[in-house]
Every structure is written in structure tokens, then in C-alpha cells.
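J.: The following block contains the structure, expressed as C-alpha cells.
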Amino acid sequence: MTCRAKISPSILSADFLNLGRDIESIATADFLHFDVMDGHFVPNLTFGPAIMKQVRACTDLPIDAHLMVSNPDDVIDDYLKAGADYVTFHIEAARDAAEMIERIHAAGKGAGIAISPDTPAEAVEPYLSDLELVLVMTVYPGFGGQSFIEAMLPKIARVREMCDGLGVDPLIAVDGGIGKDTVARAAKAGADTFDAGSSVFGAADRAARIAELKQLAEEA
């Protein structure tokens with residue numbers, strides 16, 4: 001079966017002083033990945049809703065707000081109001097995942113759950129029927145530019161297996177170390193959405209890199 005590959009560049013790897021220009025350079029992508037880090041759930045600090053509002057104003061791409069924060073229940077409304085099309089929160093941090101999914105849907109947006117490398121795939125199983133996206137972290141969350149963890153491939157396959165068993169088809173995204181050397185393996189395991197940061201923004205021709213990653217994933 002042909003993979004319906006979607007490429008979602010992470011602006012964590014963009015030039016923050018020229019963010020508008022860099023977002024324009026990835027206009028051929030399918031999504032824009034917006035990494036929110038709070039310095040608590042993960043050791044790094046990145047963007048908040050004010051920056052998302054500015055990003056929303058300069059692109060028509062769907063924005064996935066990936067909340068790597070210790071209090072996602074308290075802040076999801078801020079990102080929904082700022083223009084997120086998807087809000088993806090970590091199951092490890094959520095106080096009430098079902099209630100958060102309901103709130104995201106009430107805003108007319110897509111709900112996603114992310115699982116860190118040490119979290120089993122089964123943690124997301126109770127929610128699969130209500131999700132638009134499942135994000136399997138292929139690095140430990142917190143910093144860009146890390147190496148892909150090969151041991152996550154069976155987890156991707158397990159998420160795909162659970163979705164097939166339930167007859168549901170959320171996007172299955174992978175985030176971390178995604179590039180020319182890893183995208184095909186992730187696709188073969190069952191992923192269809194690829195959050196790529198340095199691989200895209202580090203390329204001289206970003207549109208060509210997006211097309212290359214998509215082709216590699218679809219051929220797998």
C-alpha cells in the first residue's frame with residue numbers, strides 16, 4: 001500500500017530572526033510543526049502562543065502545536081485561540097486526556113497524543129478512536145538535532161497495528177532524527193507523517209528536500 005506521506009517541518013530548526021522568510025521557504029510542506037517547550041517537562045524553552053499567533057498570520061499551512069509542557073490541560077486553549085489546527089499533548093503530562101480531547105474537538109480542531117520513548121504504545125490505545133494524530137517520539141523530547149532511536153520502530157508498528165484493529169486511521173507521526181537516512185524505515189514501520197527539522201531547514205533547497213523525503217517515504 002502506498003504511504004500517504006506528509007512532511008511537517010519543525011520550525012525549532014528555523015532561523016528565529018528570519019522566521020517569516022523560513023516559513024515561506026517550506027510552503028510546499030503539508031504541515032508546520034510548532035514545538036512548545038516549557039523548561040520543566042523538558043529542559044529547553046521555545047515558543048509560546050504569541051509567536052504562534054504571528055506564525056498563523058504568515059502561513060496557510062496547518063499548524064500542529066506539540067505541547068512538551070508539564071501542564072497541557074491548563075494551556076491548550078491558548079494555542080487553540082492562537083491558531084493551532086492540531087494540538088498534540090503528551091500522555092505522560094495530561095491530567096485528563098479524554099477531557100482535553102473533548103476540548104480540542106469542541107474548538108473544531110484535531111487532537112493528538114504524543115508518547116515519549118519510554119512510554120509503551122498501549123498508553124494511547126484507550127484514546128485512538130477519538131484522535132486525529134498519534135505522535136511517536138523517535139528521540140527524547142527537548143532538543144532538536146538528535147539521532148533517531150531505532151528501537152522506536154516496533155512501537156510505530158504497534159500503534160499502526162492497534163489502529164488497524166480498531167478500524168481507525170489517525171495520522172501516525174514521528175518526530176526526532178527524521179531525514180533521508182531514516183524516513184523510509186519509519187514509513188515502512190507504519191508512520192505517514194514526518195516531523196523533520198534540521199533535515200529540511202539545513203537543506204540549501206528546502207522544497208527539494210521536502211519532495212525527496214516524501215518520495216522516500218512513499219516508496220517505502
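By convention in this document, the chains of the C-alpha cells carry letters A, B, ... by their order, each chain's residues are numbered from 1, and ligands are numbered from 1 in the order they are shown.
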Using only C-alpha atoms, I'd like a table of the residues in range 65-96 of chain A that come within 6 Å of range 102-113 of chain A; for each, show the closest atom pair and its distance in Å rounded to one decimal, ordered by chain and ascending number, as JSON lines.
T.:
{"residue": "A:Asp85", "atom": "CA", "partner": "A:Lys109", "partner_atom": "CA", "distance": 5.3}
{"residue": "A:Tyr86", "atom": "CA", "partner": "A:Gly110", "partner_atom": "CA", "distance": 4.4}
{"residue": "A:Val87", "atom": "CA", "partner": "A:Ala111", "partner_atom": "CA", "distance": 5.4}
{"residue": "A:Thr88", "atom": "CA", "partner": "A:Gly112", "partner_atom": "CA", "distance": 4.0}
{"residue": "A:Phe89", "atom": "CA", "partner": "A:Ile113", "partner_atom": "CA", "distance": 5.1}
{"residue": "A:His90", "atom": "CA", "partner": "A:Ile113", "partner_atom": "CA", "distance": 5.7}
J.: Tell me, which residues of range 2-134 of chain A carry DSSP alpha helix (DSSP H), written as a VMD selection string?
T.: chain A and resid 19 to 24 49 to 57 72 to 82 97 to 106
J.: Could you write out that same residue set with N, CA and C atoms as a compact mmCIF listing (two decimals), in the first residue's frame?
T.:
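Okay, part_38.txt is ready:
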# COMPACT_ATOMS: atom_id res chain seq x y z
N LEU A 19 12.09 34.26 10.80
CA LEU A 19 11.12 33.18 10.85
C LEU A 19 10.13 33.26 9.69
N GLY A 20 9.67 34.45 9.37
CA GLY A 20 8.74 34.59 8.26
C GLY A 20 9.33 34.11 6.96
N ARG A 21 10.57 34.48 6.70
CA ARG A 21 11.26 34.03 5.48
C ARG A 21 11.40 32.52 5.46
N ASP A 22 11.78 31.94 6.60
CA ASP A 22 11.98 30.50 6.64
C ASP A 22 10.67 29.74 6.49
N ILE A 23 9.59 30.26 7.05
CA ILE A 23 8.29 29.60 6.87
C ILE A 23 7.86 29.66 5.41
N GLU A 24 8.13 30.77 4.75
CA GLU A 24 7.81 30.88 3.33
C GLU A 24 8.59 29.85 2.51
N PRO A 49 2.20 31.07 22.81
CA PRO A 49 1.08 31.37 21.93
C PRO A 49 1.22 32.68 21.16
N ALA A 50 1.95 33.64 21.70
CA ALA A 50 2.12 34.90 20.98
C ALA A 50 2.88 34.68 19.67
N ILE A 51 3.90 33.84 19.72
CA ILE A 51 4.65 33.52 18.49
C ILE A 51 3.77 32.72 17.54
N MET A 52 2.97 31.80 18.08
CA MET A 52 2.08 31.03 17.21
C MET A 52 1.12 31.96 16.47
N LYS A 53 0.61 32.95 17.15
CA LYS A 53 -0.32 33.88 16.51
C LYS A 53 0.35 34.57 15.32
N GLN A 54 1.62 34.92 15.46
CA GLN A 54 2.35 35.55 14.37
C GLN A 54 2.62 34.56 13.24
N VAL A 55 2.96 33.32 13.61
CA VAL A 55 3.17 32.29 12.60
C VAL A 55 1.88 32.04 11.82
N ARG A 56 0.77 31.97 12.55
CA ARG A 56 -0.52 31.73 11.90
C ARG A 56 -0.82 32.80 10.85
N ALA A 57 -0.41 34.03 11.12
CA ALA A 57 -0.70 35.14 10.22
C ALA A 57 0.12 35.09 8.93
N PRO A 72 -0.32 20.65 30.17
CA PRO A 72 -1.06 20.85 28.92
C PRO A 72 -2.54 21.14 29.14
N ASP A 73 -3.14 20.56 30.18
CA ASP A 73 -4.56 20.81 30.46
C ASP A 73 -4.84 22.29 30.66
N ASP A 74 -3.86 23.03 31.18
CA ASP A 74 -4.06 24.44 31.51
C ASP A 74 -3.82 25.38 30.33
N VAL A 75 -3.11 24.92 29.30
CA VAL A 75 -2.68 25.86 28.25
C VAL A 75 -3.23 25.54 26.86
N ILE A 76 -3.95 24.43 26.69
CA ILE A 76 -4.38 24.09 25.33
C ILE A 76 -5.25 25.17 24.72
N ASP A 77 -6.09 25.81 25.51
CA ASP A 77 -6.97 26.85 24.96
C ASP A 77 -6.18 28.01 24.39
N ASP A 78 -5.03 28.32 24.98
CA ASP A 78 -4.20 29.41 24.49
C ASP A 78 -3.72 29.13 23.07
N TYR A 79 -3.36 27.88 22.81
CA TYR A 79 -2.83 27.54 21.48
C TYR A 79 -3.96 27.36 20.46
N LEU A 80 -5.10 26.92 20.91
CA LEU A 80 -6.26 26.86 20.02
C LEU A 80 -6.66 28.26 19.58
N LYS A 81 -6.69 29.20 20.52
CA LYS A 81 -7.05 30.58 20.19
C LYS A 81 -5.99 31.24 19.32
N ALA A 82 -4.73 30.82 19.47
CA ALA A 82 -3.64 31.44 18.72
C ALA A 82 -3.56 30.93 17.28
N ALA A 97 -6.75 13.13 29.81
CA ALA A 97 -6.59 13.13 28.36
C ALA A 97 -7.92 13.17 27.63
N ALA A 98 -8.91 12.44 28.13
CA ALA A 98 -10.21 12.40 27.45
C ALA A 98 -10.86 13.78 27.45
N GLU A 99 -10.75 14.48 28.57
CA GLU A 99 -11.34 15.82 28.65
C GLU A 99 -10.62 16.79 27.72
N MET A 100 -9.30 16.64 27.59
CA MET A 100 -8.55 17.51 26.69
C MET A 100 -8.94 17.27 25.24
N ILE A 101 -9.12 16.02 24.88
CA ILE A 101 -9.55 15.69 23.52
C ILE A 101 -10.90 16.33 23.23
N GLU A 102 -11.81 16.27 24.19
CA GLU A 102 -13.13 16.88 24.02
C GLU A 102 -13.02 18.39 23.81
N ARG A 103 -12.16 19.04 24.56
CA ARG A 103 -12.00 20.48 24.43
C ARG A 103 -11.42 20.86 23.08
N ILE A 104 -10.46 20.08 22.61
CA ILE A 104 -9.87 20.35 21.30
C ILE A 104 -10.92 20.18 20.21
N HIS A 105 -11.70 19.12 20.30
CA HIS A 105 -12.76 18.89 19.31
C HIS A 105 -13.84 19.95 19.39
N ALA A 106 -14.15 20.42 20.58
CA ALA A 106 -15.17 21.47 20.73
C ALA A 106 -14.76 22.75 20.02
J.: Restricting the calculation to only C-alpha atoms: of A:Gly202, A:Pro126, A:Gly142, A:Pro117, which residue gets closest to Val69 in chain A?
T.: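 Distance minimum relative to Val69 in chain A lands on A:Gly142.
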J.: Out of A:His66, A:Arg160, A:Arg95, A:Lys180, which residue has the shortest atom-to-atom distance to Asp38 in chain A when counting only C-alpha atoms?
T.: A:His66
J.: Using only C-alpha atoms, which of the listed residues (A:Asp195, A:Arg185, A:Phe201, A:Phe41) sits closest to Glu218 in chain A?
T.: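 The answer is A:Arg185, which sits nearest to Glu218 in chain A.
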